[in-house]
Structures are given as C-alpha cells and as structure tokens.
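This is query.pdb (PDB, C-alpha atoms).
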ATOM      1  CA  MET A   1      13.299  31.015 -10.840
ATOM      2  CA  ASP A   2      12.081  33.475  -8.169
ATOM      3  CA  THR A   3      11.874  32.775  -4.447
ATOM      4  CA  ARG A   4       8.200  31.912  -4.685
ATOM      5  CA  ASP A   5       8.936  29.214  -7.267
ATOM      6  CA  GLU A   6      11.842  27.916  -5.200
ATOM      7  CA  LYS A   7       9.595  27.655  -2.165
ATOM      8  CA  LEU A   8       6.953  25.841  -4.210
ATOM      9  CA  GLU A   9       9.569  23.465  -5.605
ATOM     10  CA  GLY A  10      10.911  22.819  -2.095
ATOM     11  CA  LEU A  11       7.461  22.087  -0.722
ATOM     12  CA  LEU A  12       6.673  19.722  -3.580
ATOM     13  CA  ARG A  13       9.880  17.804  -3.019
ATOM     14  CA  ILE A  14       9.373  17.237   0.699
ATOM     15  CA  VAL A  15      10.084  13.573   1.389
ATOM     16  CA  GLU A  16       6.945  11.717   2.325
ATOM     17  CA  PRO A  17       6.961   9.781   5.604
ATOM     18  CA  PRO A  18       7.463   6.048   5.049
ATOM     19  CA  ILE A  19       4.499   3.787   5.739
ATOM     20  CA  ALA A  20       5.337   0.886   8.060
ATOM     21  CA  ASP A  21       4.757  -2.534   6.538
ATOM     22  CA  ASP A  22       2.739  -3.828   9.535
ATOM     23  CA  GLY A  23       1.721  -7.095   7.934
ATOM     24  CA  PHE A  24       0.976  -5.610   4.518
ATOM     25  CA  SER A  25       3.528  -7.818   2.727
ATOM     26  CA  GLU A  26       2.400 -10.956   4.564
ATOM     27  CA  ALA A  27      -1.205 -10.249   3.546
ATOM     28  CA  ILE A  28      -0.142 -10.077  -0.095
ATOM     29  CA  LEU A  29       1.895 -13.272   0.083
ATOM     30  CA  ALA A  30      -1.085 -15.029   1.652
ATOM     31  CA  ARG A  31      -3.230 -13.977  -1.327
ATOM     32  CA  LEU A  32      -0.823 -15.265  -3.964
ATOM     33  CA  PRO A  33      -1.990 -18.261  -6.012
ATOM     34  CA  PRO A  34      -0.476 -21.673  -5.192
ATOM     35  CA  THR A  35       3.035 -22.331  -6.473
ATOM     36  CA  ARG A  36       2.740 -22.598 -10.230
ATOM     37  CA  ARG A  37       5.899 -24.567 -10.943
ATOM     38  CA  LEU A  38       6.290 -28.308 -10.432
ATOM     39  CA  SER A  39       9.213 -29.317  -8.311
ATOM     40  CA  ALA A  40      12.088 -30.844 -10.275
ATOM     41  CA  ARG A  41      11.352 -34.239  -8.738
ATOM     42  CA  THR A  42       7.646 -34.172  -9.638
ATOM     43  CA  ALA A  43       8.485 -33.070 -13.168
ATOM     44  CA  ARG A  44      10.998 -35.940 -13.489
ATOM     45  CA  CYS A  45       8.484 -38.478 -12.143
ATOM     46  CA  LEU A  46       5.795 -37.345 -14.550
ATOM     47  CA  SER A  47       8.219 -37.330 -17.493
ATOM     48  CA  LEU A  48       9.348 -40.881 -16.714
ATOM     49  CA  ALA A  49       5.785 -42.134 -16.302
ATOM     50  CA  ALA A  50       4.689 -40.468 -19.531
ATOM     51  CA  ALA A  51       7.703 -41.912 -21.374
ATOM     52  CA  ALA A  52       6.889 -45.400 -20.053
ATOM     53  CA  CYS A  53       3.259 -45.131 -21.176
ATOM     54  CA  ILE A  54       4.181 -43.808 -24.606
ATOM     55  CA  GLY A  55       6.809 -46.550 -25.011
ATOM     56  CA  SER A  56       4.315 -49.275 -24.108
ATOM     57  CA  LEU A  57       1.698 -47.804 -26.431
ATOM     58  CA  VAL A  58       4.122 -47.599 -29.350
ATOM     59  CA  THR A  59       5.143 -51.217 -28.767
ATOM     60  CA  LEU A  60       1.510 -52.338 -28.771
ATOM     61  CA  VAL A  61       0.537 -50.434 -31.887
ATOM     62  CA  ALA A  62       3.705 -50.782 -33.950
ATOM     63  CA  GLY A  63       4.862 -54.149 -32.620
ATOM     64  CA  PRO A  64       3.913 -57.664 -33.881
ATOM     65  CA  PRO A  65       0.158 -58.041 -34.599
ATOM     66  CA  GLU A  66      -0.144 -60.863 -32.027
ATOM     67  CA  ILE A  67       0.193 -58.302 -29.232
ATOM     68  CA  LEU A  68      -2.829 -56.269 -30.307
ATOM     69  CA  PRO A  69      -4.844 -57.780 -33.174
ATOM     70  CA  LEU A  70      -6.890 -54.692 -33.980
ATOM     71  CA  ASP A  71      -8.245 -56.244 -37.174
ATOM     72  CA  LEU A  72      -9.975 -58.986 -35.146
ATOM     73  CA  LEU A  73     -11.547 -56.549 -32.668
ATOM     74  CA  PRO A  74     -14.940 -55.922 -34.425
ATOM     75  CA  ALA A  75     -15.563 -59.635 -34.891
ATOM     76  CA  ALA A  76     -14.583 -60.419 -31.295
ATOM     77  CA  LEU A  77     -16.917 -57.745 -29.915
ATOM     78  CA  ALA A  78     -19.840 -59.122 -31.961
ATOM     79  CA  GLU A  79     -19.802 -62.453 -30.066
ATOM     80  CA  PRO A  80     -20.675 -62.702 -26.327
ATOM     81  CA  ASP A  81     -17.732 -65.009 -25.570
ATOM     82  CA  GLY A  82     -15.472 -62.883 -27.689
ATOM     83  CA  MET A  83     -16.460 -59.733 -25.742
ATOM     84  CA  VAL A  84     -15.337 -61.259 -22.408
ATOM     85  CA  ALA A  85     -12.081 -62.322 -23.971
ATOM     86  CA  THR A  86     -11.632 -58.845 -25.453
ATOM     87  CA  LEU A  87     -12.291 -57.165 -22.092
ATOM     88  CA  LEU A  88      -9.771 -59.454 -20.416
ATOM     89  CA  ARG A  89      -7.283 -58.674 -23.116
ATOM     90  CA  ALA A  90      -7.954 -54.918 -22.670
ATOM     91  CA  ALA A  91      -7.373 -55.240 -18.915
ATOM     92  CA  ALA A  92      -4.116 -57.072 -19.581
ATOM     93  CA  LEU A  93      -3.041 -54.329 -21.960
ATOM     94  CA  ALA A  94      -3.929 -51.608 -19.448
ATOM     95  CA  ALA A  95      -1.798 -53.417 -16.861
ATOM     96  CA  LEU A  96       0.992 -53.638 -19.376
ATOM     97  CA  LEU A  97       0.813 -49.858 -19.774
ATOM     98  CA  THR A  98       0.539 -48.942 -16.107
ATOM     99  CA  VAL A  99       3.029 -51.377 -14.586
ATOM    100  CA  PRO A 100       6.154 -49.761 -16.095
ATOM    101  CA  ALA A 101       4.895 -46.284 -15.212
ATOM    102  CA  ALA A 102       4.079 -47.338 -11.642
ATOM    103  CA  TRP A 103       7.435 -49.058 -11.268
ATOM    104  CA  LEU A 104       9.308 -45.960 -12.453
ATOM    105  CA  LEU A 105       7.352 -43.704 -10.112
ATOM    106  CA  TYR A 106       7.968 -46.058  -7.198
ATOM    107  CA  ALA A 107      11.689 -46.301  -7.946
ATOM    108  CA  GLU A 108      11.962 -42.524  -8.128
ATOM    109  CA  MET A 109      10.114 -42.030  -4.843
ATOM    110  CA  VAL A 110      12.154 -44.632  -2.964
ATOM    111  CA  GLU A 111      15.340 -43.000  -4.173
ATOM    112  CA  HIS A 112      14.265 -39.622  -2.779
ATOM    113  CA  VAL A 113      12.619 -40.578   0.523
ATOM    114  CA  PRO A 114      14.118 -38.143   3.054
ATOM    115  CA  GLU A 115      16.167 -39.811   5.728
ATOM    116  CA  SER A 116      14.192 -39.910   8.968
ATOM    117  CA  ALA A 117      15.570 -38.465  12.188
ATOM    118  CA  ALA A 118      15.676 -41.970  13.692
ATOM    119  CA  ALA A 119      17.686 -43.330  10.755
ATOM    120  CA  LYS A 120      20.144 -40.427  11.048
ATOM    121  CA  LYS A 121      20.553 -41.148  14.787
ATOM    122  CA  ILE A 122      21.255 -44.815  14.124
ATOM    123  CA  ALA A 123      23.789 -43.912  11.432
ATOM    124  CA  ARG A 124      25.582 -41.549  13.848
ATOM    125  CA  THR A 125      25.837 -44.172  16.606
ATOM    126  CA  ARG A 126      27.439 -46.735  14.269
TER     127      ARG A 126
ATOM    128  CA  VAL B   1      24.544  -6.188  -1.019
ATOM    129  CA  LEU B   2      21.140  -4.918  -2.139
ATOM    130  CA  GLU B   3      19.824  -7.063  -4.956
ATOM    131  CA  SER B   4      18.423  -5.065  -7.880
ATOM    132  CA  ASP B   5      14.736  -5.184  -8.821
ATOM    133  CA  ALA B   6      15.667  -6.835 -12.116
ATOM    134  CA  ALA B   7      17.553  -9.635 -10.321
ATOM    135  CA  LEU B   8      14.644 -10.233  -7.941
ATOM    136  CA  VAL B   9      12.161 -10.273 -10.823
ATOM    137  CA  ALA B  10      14.348 -12.831 -12.620
ATOM    138  CA  ARG B  11      14.283 -15.066  -9.521
ATOM    139  CA  VAL B  12      10.488 -14.878  -9.320
ATOM    140  CA  VAL B  13      10.034 -15.627 -13.027
ATOM    141  CA  ALA B  14      12.580 -18.470 -13.127
ATOM    142  CA  ALA B  15      11.703 -20.324  -9.941
ATOM    143  CA  ASP B  16       8.551 -18.729  -8.517
ATOM    144  CA  ASP B  17      10.764 -17.492  -5.677
ATOM    145  CA  ARG B  18       8.309 -16.130  -3.104
ATOM    146  CA  ALA B  19      11.092 -14.725  -0.920
ATOM    147  CA  ALA B  20      12.287 -12.596  -3.854
ATOM    148  CA  PHE B  21       8.755 -11.372  -4.465
ATOM    149  CA  GLU B  22       8.386 -10.502  -0.786
ATOM    150  CA  LEU B  23      11.541  -8.375  -1.040
ATOM    151  CA  LEU B  24      10.037  -6.524  -3.996
ATOM    152  CA  VAL B  25       6.830  -5.904  -2.059
ATOM    153  CA  ARG B  26       8.696  -4.682   1.023
ATOM    154  CA  ARG B  27      10.851  -2.394  -1.103
ATOM    155  CA  HIS B  28       7.983  -0.728  -2.972
ATOM    156  CA  GLN B  29       5.023  -0.907  -0.608
ATOM    157  CA  SER B  30       5.560   2.408   1.184
ATOM    158  CA  PRO B  31       5.992   4.732  -1.838
ATOM    159  CA  LEU B  32       3.238   2.935  -3.746
ATOM    160  CA  ARG B  33       0.801   3.200  -0.841
ATOM    161  CA  ASN B  34       1.687   6.884  -0.423
ATOM    162  CA  PHE B  35       1.030   7.418  -4.146
ATOM    163  CA  LEU B  36      -2.380   5.755  -3.937
ATOM    164  CA  ARG B  37      -3.269   7.506  -0.689
ATOM    165  CA  ARG B  38      -2.639  10.830  -2.372
ATOM    166  CA  LEU B  39      -4.813   9.907  -5.352
ATOM    167  CA  THR B  40      -7.610   8.614  -3.121
ATOM    168  CA  ARG B  41      -7.505  11.733  -0.932
ATOM    169  CA  GLU B  42      -6.052   9.836   2.024
ATOM    170  CA  ASP B  43      -8.665   7.088   1.931
ATOM    171  CA  VAL B  44      -6.247   4.691   3.634
ATOM    172  CA  ALA B  45      -8.371   1.537   3.387
ATOM    173  CA  ARG B  46      -9.145   2.057  -0.295
ATOM    174  CA  ALA B  47      -5.557   2.940  -1.121
ATOM    175  CA  ASP B  48      -4.244  -0.156   0.659
ATOM    176  CA  ASP B  49      -6.776  -2.384  -1.104
ATOM    177  CA  LEU B  50      -5.656  -0.939  -4.428
ATOM    178  CA  ALA B  51      -1.997  -1.411  -3.462
ATOM    179  CA  GLN B  52      -2.625  -5.068  -2.574
ATOM    180  CA  ASP B  53      -4.422  -5.633  -5.867
ATOM    181  CA  THR B  54      -1.516  -3.974  -7.664
ATOM    182  CA  PHE B  55       1.036  -6.385  -6.194
ATOM    183  CA  ILE B  56      -1.154  -9.420  -6.862
ATOM    184  CA  LYS B  57      -1.686  -8.332 -10.483
ATOM    185  CA  ALA B  58       2.043  -7.670 -10.814
ATOM    186  CA  TYR B  59       2.831 -11.152  -9.511
ATOM    187  CA  ARG B  60       0.438 -12.752 -11.995
ATOM    188  CA  ALA B  61       1.802 -10.708 -14.895
ATOM    189  CA  LEU B  62       5.515 -10.933 -14.050
ATOM    190  CA  GLY B  63       6.010 -13.527 -16.771
ATOM    191  CA  ASP B  64       4.967 -10.889 -19.316
ATOM    192  CA  PHE B  65       7.283  -8.216 -17.884
ATOM    193  CA  ARG B  66       9.847  -7.615 -20.614
ATOM    194  CA  GLY B  67      12.088  -5.240 -18.680
ATOM    195  CA  GLU B  68      11.750  -2.510 -21.314
ATOM    196  CA  ALA B  69      10.748  -0.107 -18.544
ATOM    197  CA  SER B  70      11.929  -0.303 -14.942
ATOM    198  CA  PHE B  71      10.046  -2.607 -12.593
ATOM    199  CA  ARG B  72       9.085   0.464 -10.564
ATOM    200  CA  SER B  73       7.401   2.281 -13.458
ATOM    201  CA  TRP B  74       5.716  -0.972 -14.546
ATOM    202  CA  LEU B  75       4.333  -1.356 -11.011
ATOM    203  CA  TYR B  76       3.029   2.226 -10.934
ATOM    204  CA  ARG B  77       1.423   1.658 -14.305
ATOM    205  CA  ILE B  78      -0.580  -1.246 -12.875
ATOM    206  CA  ALA B  79      -1.432   0.812  -9.792
ATOM    207  CA  TYR B  80      -2.534   3.863 -11.751
ATOM    208  CA  HIS B  81      -4.729   1.853 -14.139
ATOM    209  CA  GLY B  82      -6.214  -0.037 -11.184
ATOM    210  CA  PHE B  83      -6.975   3.262  -9.488
ATOM    211  CA  LEU B  84      -8.567   4.730 -12.649
ATOM    212  CA  ASN B  85     -10.754   1.653 -13.108
ATOM    213  CA  ASP B  86     -11.855   1.892  -9.490
ATOM    214  CA  GLU B  87     -12.520   5.611  -9.881
ATOM    215  CA  ARG B  88     -14.536   5.011 -13.050
ATOM    216  CA  ALA B  89     -16.619   2.391 -11.258
ATOM    217  CA  ARG B  90     -17.337   4.950  -8.535
ATOM    218  CA  HIS B  91     -18.357   7.561 -11.089
ATOM    219  CA  ALA B  92     -20.224   5.139 -13.327
ATOM    220  CA  HIS B  93     -23.207   7.470 -13.542
ATOM    221  CA  ALA B  94     -21.134  10.329 -14.987
ATOM    222  CA  GLU B  95     -18.626  10.841 -17.762
ATOM    223  CA  PHE B  96     -15.175  10.306 -16.249
ATOM    224  CA  ASP B  97     -11.902  11.640 -17.584
ATOM    225  CA  GLU B  98      -8.790  11.589 -15.428
ATOM    226  CA  ALA B  99      -7.353  14.463 -17.452
ATOM    227  CA  VAL B 100     -10.061  16.838 -16.279
ATOM    228  CA  HIS B 101     -11.457  15.201 -13.167
ATOM    229  CA  SER B 102     -10.272  16.292  -9.736
ATOM    230  CA  PRO B 103     -11.485  14.625  -6.580
ATOM    231  CA  ALA B 104     -13.610  16.431  -4.008
ATOM    232  CA  THR B 105     -11.565  18.169  -1.331
ATOM    233  CA  ASP B 106     -11.990  17.263   2.298
ATOM    234  CA  GLY B 107     -12.626  20.873   3.324
ATOM    235  CA  THR B 108     -10.282  20.656   6.292
ATOM    236  CA  ALA B 109      -9.036  24.090   7.294
ATOM    237  CA  ARG B 110      -5.226  24.059   7.468
ATOM    238  CA  SER B 111      -3.037  27.106   7.560
ATOM    239  CA  ASP B 112       0.615  26.119   7.168
ATOM    240  CA  ASP B 113       2.467  26.055   3.842
ATOM    241  CA  LEU B 114       2.415  22.288   3.585
ATOM    242  CA  ALA B 115      -1.307  22.156   4.142
ATOM    243  CA  ASP B 116      -1.805  24.933   1.607
ATOM    244  CA  ILE B 117       0.168  23.070  -1.027
ATOM    245  CA  GLY B 118      -1.625  19.833  -0.169
ATOM    246  CA  ARG B 119      -4.933  21.574  -0.667
ATOM    247  CA  ALA B 120      -3.768  23.198  -3.897
ATOM    248  CA  LEU B 121      -2.467  19.845  -5.210
ATOM    249  CA  ALA B 122      -5.847  18.321  -4.523
ATOM    250  CA  ARG B 123      -7.328  20.885  -6.916
ATOM    251  CA  LEU B 124      -5.282  19.538  -9.812
ATOM    252  CA  THR B 125      -6.675  16.859 -12.104
ATOM    253  CA  LEU B 126      -6.039  13.251 -11.089
ATOM    254  CA  ARG B 127      -3.555  12.839 -13.904
ATOM    255  CA  GLN B 128      -1.645  15.966 -12.917
ATOM    256  CA  GLN B 129      -1.574  14.789  -9.309
ATOM    257  CA  ALA B 130      -0.137  11.467 -10.410
ATOM    258  CA  VAL B 131       2.466  13.203 -12.573
ATOM    259  CA  PHE B 132       3.423  15.567  -9.746
ATOM    260  CA  ASP B 133       3.710  12.766  -7.199
ATOM    261  CA  LEU B 134       5.918  10.618  -9.417
ATOM    262  CA  HIS B 135       8.102  13.572 -10.408
ATOM    263  CA  TYR B 136       8.564  15.392  -7.107
ATOM    264  CA  ARG B 137       8.085  12.675  -4.473
ATOM    265  CA  LYS B 138       9.394   9.618  -6.297
ATOM    266  CA  GLY B 139      12.057  11.463  -8.272
ATOM    267  CA  MET B 140      11.077   9.875 -11.594
ATOM    268  CA  ALA B 141      12.339  11.341 -14.853
ATOM    269  CA  HIS B 142       9.819  12.443 -17.477
ATOM    270  CA  GLY B 143      10.351   9.307 -19.570
ATOM    271  CA  GLU B 144       9.813   7.029 -16.592
ATOM    272  CA  ILE B 145       6.592   8.872 -15.708
ATOM    273  CA  ALA B 146       5.405   8.531 -19.297
ATOM    274  CA  ALA B 147       5.982   4.765 -19.093
ATOM    275  CA  ALA B 148       4.356   4.501 -15.670
ATOM    276  CA  LEU B 149       1.203   6.396 -16.590
ATOM    277  CA  ASP B 150       1.083   5.213 -20.182
ATOM    278  CA  LEU B 151       1.180   8.796 -21.474
ATOM    279  CA  PRO B 152       3.072  10.506 -24.292
ATOM    280  CA  LEU B 153       6.185  12.314 -23.090
ATOM    281  CA  GLY B 154       4.776  15.663 -24.250
ATOM    282  CA  THR B 155       1.676  15.171 -22.108
ATOM    283  CA  VAL B 156       3.811  14.568 -19.016
ATOM    284  CA  LYS B 157       5.780  17.744 -19.642
ATOM    285  CA  SER B 158       2.683  19.833 -20.314
ATOM    286  CA  ASP B 159       0.953  18.409 -17.221
ATOM    287  CA  LEU B 160       3.938  19.506 -15.140
ATOM    288  CA  THR B 161       4.066  22.983 -16.677
ATOM    289  CA  ARG B 162       0.319  23.579 -16.509
ATOM    290  CA  GLY B 163       0.113  22.046 -13.065
ATOM    291  CA  GLN B 164       2.832  24.357 -11.738
ATOM    292  CA  ALA B 165       1.048  27.376 -13.184
ATOM    293  CA  ARG B 166      -2.214  26.225 -11.642
ATOM    294  CA  LEU B 167      -0.553  25.664  -8.278
ATOM    295  CA  ARG B 168       0.907  29.185  -8.298
ATOM    296  CA  GLU B 169      -2.490  30.537  -9.143
ATOM    297  CA  LEU B 170      -4.166  28.563  -6.378
ATOM    298  CA  LEU B 171      -1.575  29.509  -3.788
ATOM    299  CA  ASP B 172      -1.883  33.204  -4.706
ATOM    300  CA  CYS B 173      -5.678  33.230  -4.583
ATOM    301  CA  PRO B 174      -6.979  30.077  -2.919
ATOM    302  CA  GLU B 175     -10.441  28.987  -4.007
ATOM    303  CA  PRO B 176     -13.001  28.189  -1.339
ATOM    304  CA  ASP B 177     -13.559  24.450  -0.678
TER     305      ASP B 177
END

Rendering of file as structure tokens:
Amino acid sequence: MDTRDEKLEGLLRIVEPPIADDGFSEAILARLPPTRRLSARTARCLSLAAAACIGSLVTLVAGPPEILPLDLLPAALAEPDGMVATLLRAAALAALLTVPAAWLLYAEMVEHVPESAAAKKIARTR
Amino acid sequence: VLESDAALVARVVAADDRAAFELLVRRHQSPLRNFLRRLTREDVARADDLAQDTFIKAYRALGDFRGEASFRSWLYRIAYHGFLNDERARHAHAEFDEAVHSPATDGTARSDDLADIGRALARLTLRQQAVFDLHYRKGMAHGEIAAALDLPLGTVKSDLTRGQARLRELLDCPEPD
C-alpha cells in the first residue's frame, strides 16, 4: 500500500461526529403502538372469566336435560305463551353464565385493589 | 455494566419493555442517522424521518428477529431498504438501480482533503456509498455488511475494490460538478 492509499484509507476511517439525541428517541417512543401485551392480572381475569363461562356452558349442554330442554325449543317458540317462557328461560340461562364470570372478576379485582395513601397512613398510626 | 443488544432485544420481545427499546434507540440513533444523512446527501430532515421509520419498523418486527445476524446489521438492513424505497418513489418516472445510481452532488466548492473525499464519495453509486460507510465508518466486517445490505459477500468485496479504484481516480482527476 503506497502513501496515497494510506492517506485515502485514513480519510475514509475518520470517525464521524456523533449526533446528539435532542428528543429523537422520545419522538420514536411516542410513535410506538400501544402496549401489545396484557398485564398478568388482566390475562388472569380474562382466563378465569372464560373458564367460568365455558364451565357453565358445558354444564348446560352436557348436564341433565331439565336444565336446557333443547328438544322442546321449536315447539315452545311456535306458541306465543311458549315464546315468553322461552325468552325468560334464555335470560335466566344468560344470568347463569355471567354471574360466575362476574363474581370471579370482582373477586380478582378486590384482591388487587392498590392500598390507598390514606389506608397506609391509618395502618402506620396503629 | 452495558447490556448487550441481544439482551435488550430479548427484554422487548418477552415483556414489551419500552425502556429496553429506548436504550437500543439511544445506542444506535447517531450512527444510523449519520449513515442515512450520507446516503441522502445531508438532507437532515429526510434522513431523520427515515431513521424514525426504521426504528418504528424494527420495533414492530422485533418478534420476527431471529438473531441470526447482529441487531445492528438487521437495523441497517431495514434502514437501507427504507431508503431505497424512498429513493425509488422519488425517481418513479425513471428506471432506478442503486447499483448504478449516484445522487446529484451539491456543487459546493471545498478544497481540503476531507471535502475532496466527501465529494468523491458522493460520486460513487448509492450501494457503494452504503458499503463504504458501513465498512470504514461503522467498522463492519464484510459478512456483516452483506447481511445488512442483503447482498452476496462477493458483491460487497467487489463494491469495495471497485469503489476504492474509482475514488483514487476521482481524487487524481476530479470531475466537474
């Protein structure tokens, strides 16, 4: 390598001046999509609620026929009185499905309510 | 202790750790912006827009990052392809090929060695400029450049050899702007 090549090599390798961040990183973070992962607590709540719904549904479908007499449904819908009774029954079934899920969600939330500053103060004074 | 890129990437992928991603951005923003500024002929606003898009795309695609190449070369790959797409959109009316295309020079009269080499570098094709920047300024090995620019290893080597010859030629007898 002659001196001319060495000089060229040296010039090419000159370290470039760093560019100050000056809010560049913050601008990128602000443009990021919302957090894509569920928090562990939310995931647990949803899993419990889904499990409760599935459990209730399985009980209704696979349990004793008195709970959900599907074979009588077409005949019941054909009569005006029967339709009201069927709708009431459907509402009762929906409640049966949602109550366990709601109870589980509520229990989970109560368990994880953060202690308020006032409650902490009271606890310290005791 | 400085956490490695791979460790920070793992934190982002596992727990969407924004603080880890911010560290990656802070670590790579300056060299990446310099790289894009060189390719865009010091169009600072355009280069910074492309750099921002690069980081956003990287964040969205981090789940697909397999770690076969370094995070740095993966990032430059996104940046270079983003730049080429942008360049193609700007030259939509004409046939565009980064292997032969070189951007227009700014025509600024500069006399010192550094300015001369800057002007000569600007005469190289876009691909050669990218190869030169990654090799000489970022210190990347040939294999890493090949991964970053999505080129065969032989092409990287020939771009360096031909680019050096062209630079010598240009420095010996500079062409008018």

Per residue of chain B within 9 Å of chain A, what are the shortest atom pair and its distance in Å to one decimal, counting only C-alpha atoms, with rows by chain and residue number, as a Markdown table?
| residue | atom | partner | partner_atom | distance |
| --- | --- | --- | --- | --- |
| B:Ala15 | CA | A:Arg37 | CA | 7.3 |
| B:Asp16 | CA | A:Arg37 | CA | 6.9 |
| B:Arg18 | CA | A:Leu29 | CA | 7.7 |
| B:Phe21 | CA | A:Leu29 | CA | 8.4 |
| B:Glu22 | CA | A:Ser25 | CA | 6.6 |
| B:Leu23 | CA | A:Ser25 | CA | 8.9 |
| B:Val25 | CA | A:Ser25 | CA | 6.1 |
| B:Arg26 | CA | A:Ser25 | CA | 6.3 |
| B:Gln29 | CA | A:Asp21 | CA | 7.3 |
| B:Ser30 | CA | A:Ile19 | CA | 4.9 |
| B:Pro31 | CA | A:Pro18 | CA | 7.2 |
| B:Arg33 | CA | A:Ile19 | CA | 7.6 |
| B:Asn34 | CA | A:Ile19 | CA | 7.4 |
| B:Asp48 | CA | A:Phe24 | CA | 8.5 |
| B:Gln52 | CA | A:Ile28 | CA | 6.1 |
| B:Asp53 | CA | A:Ile28 | CA | 8.4 |
| B:Phe55 | CA | A:Ile28 | CA | 7.2 |
| B:Ile56 | CA | A:Leu32 | CA | 6.5 |
| B:Tyr59 | CA | A:Leu32 | CA | 7.8 |
| B:Arg60 | CA | A:Pro33 | CA | 8.5 |
| B:Asp113 | CA | A:Leu11 | CA | 7.8 |
| B:Leu114 | CA | A:Leu11 | CA | 6.6 |
| B:Ile117 | CA | A:Leu11 | CA | 7.4 |
| B:Gly118 | CA | A:Leu12 | CA | 9.0 |
| B:Phe132 | CA | A:Leu12 | CA | 8.1 |
| B:Asp133 | CA | A:Leu12 | CA | 8.4 |
| B:His135 | CA | A:Arg13 | CA | 8.7 |
| B:Tyr136 | CA | A:Arg13 | CA | 4.9 |
| B:Arg137 | CA | A:Arg13 | CA | 5.6 |
| B:Lys138 | CA | A:Val15 | CA | 8.7 |
| B:Gly139 | CA | A:Arg13 | CA | 8.5 |
| B:Gln164 | CA | A:Leu8 | CA | 8.7 |
| B:Leu167 | CA | A:Leu8 | CA | 8.5 |
| B:Arg168 | CA | A:Leu8 | CA | 8.0 |

Picked residues, the PyMOL selection byres ((chain B and resi 2) around 12), expected as a ChimeraX atom specification = /B:1,3-8,20,23-24,27

Box centre and edge lengths (Å, one decimal), axis-aligned, range 42-58 of chain B plus 3 Å each side, as JSON:
{"center_x": -3.6, "center_y": 0.2, "center_z": -3.6, "size_x": 17.2, "size_y": 25.3, "size_z": 20.4}

Where does range 17-88 of chain B meet range 142-157 of chain B within 6 Å, residue by residue, with the nearest atom pair and distance in Å to one decimal for each, counting all atoms listed in the file, listed by chain and rising number, as a tab-separated table?
residue	atom	partner	partner_atom	distance
B:Ser73	CA	B:Ala148	CA	4.4
B:Trp74	CA	B:Ala148	CA	5.8
B:Tyr76	CA	B:Ala148	CA	5.4
B:Arg77	CA	B:Ala148	CA	4.3

Would you write out those residues with C-alpha atoms, as a compact mmCIF listing (two decimals), in the frame of the given file?
# COMPACT_ATOMS: atom_id res chain seq x y z
CA SER B 73 7.40 2.28 -13.46
CA TRP B 74 5.72 -0.97 -14.55
CA TYR B 76 3.03 2.23 -10.93
CA ARG B 77 1.42 1.66 -14.30

Tell me, as a ChimeraX atom specification, which residues lie within 9 Å of Arg46 in chain B, counting all atoms listed in the file; anything in the same chain fewer than 5 positions away does not count.
-> /B:36-37,40,51

Just write the chosen residues, C-alpha atoms, as an mmCIF file, keeping the file's coordinate frame.
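Output (again-v3.cif):
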data_model
loop_
_atom_site.group_PDB
_atom_site.id
_atom_site.type_symbol
_atom_site.label_atom_id
_atom_site.label_comp_id
_atom_site.auth_asym_id
_atom_site.auth_seq_id
_atom_site.Cartn_x
_atom_site.Cartn_y
_atom_site.Cartn_z
ATOM 1 C CA LEU B 36 -2.380 5.755 -3.937
ATOM 2 C CA ARG B 37 -3.269 7.506 -0.689
ATOM 3 C CA THR B 40 -7.610 8.614 -3.121
ATOM 4 C CA ALA B 51 -1.997 -1.411 -3.462
#

Which distance in Å separates CA of Leu46 in chain A and CA of Ala101 in chain A, to one decimal?
->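 Interatomic distance here is 9.0 Å.
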
One decimal, Å: what's the distance from CA of Ala47 in chain B over to CA of Gly82 in chain B, could you say?
-> 10.5 Å

Residue IDs satisfying the PyMOL selection byres ((chain A and resi 102) around 12), as a list in words |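 This file, filtered by the PyMOL selection byres ((chain A and resi 102) around 12), leaves Cys45, Leu46, Leu48, Ala49, Ala50, Ala51, Ala52, Cys53, Ala94, Ala95, Leu96, Leu97, Thr98, Val99, Pro100, Ala101, Trp103, Leu104, Leu105, Tyr106, Ala107, Glu108 and Met109 of chain A.
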
Here CA of Gln128 in chain B and CA of Glu87 in chain B stand apart by 15.3 Å

For Arg72 in chain B, which residue among B:Ala120, B:Leu134, B:Val44, B:Ala14 is the nearest when counting all atoms listed in the file?
->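 Distance minimum relative to Arg72 in chain B lands on B:Leu134.
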
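With the shown file loaded, the PyMOL selection byres ((chain B and resi 166) around 12) picks out A:Leu8, B:Ile117, B:Ala120, B:Leu121, B:Ala122, B:Arg123, B:Leu124, B:Thr125, B:Gln128, B:Gln129, B:Ser158, B:Asp159, B:Leu160, B:Thr161, B:Arg162, B:Gly163, B:Gln164, B:Ala165, B:Leu167, B:Arg168, B:Glu169, B:Leu170, B:Leu171, B:Asp172, B:Cys173, B:Pro174, B:Glu175.
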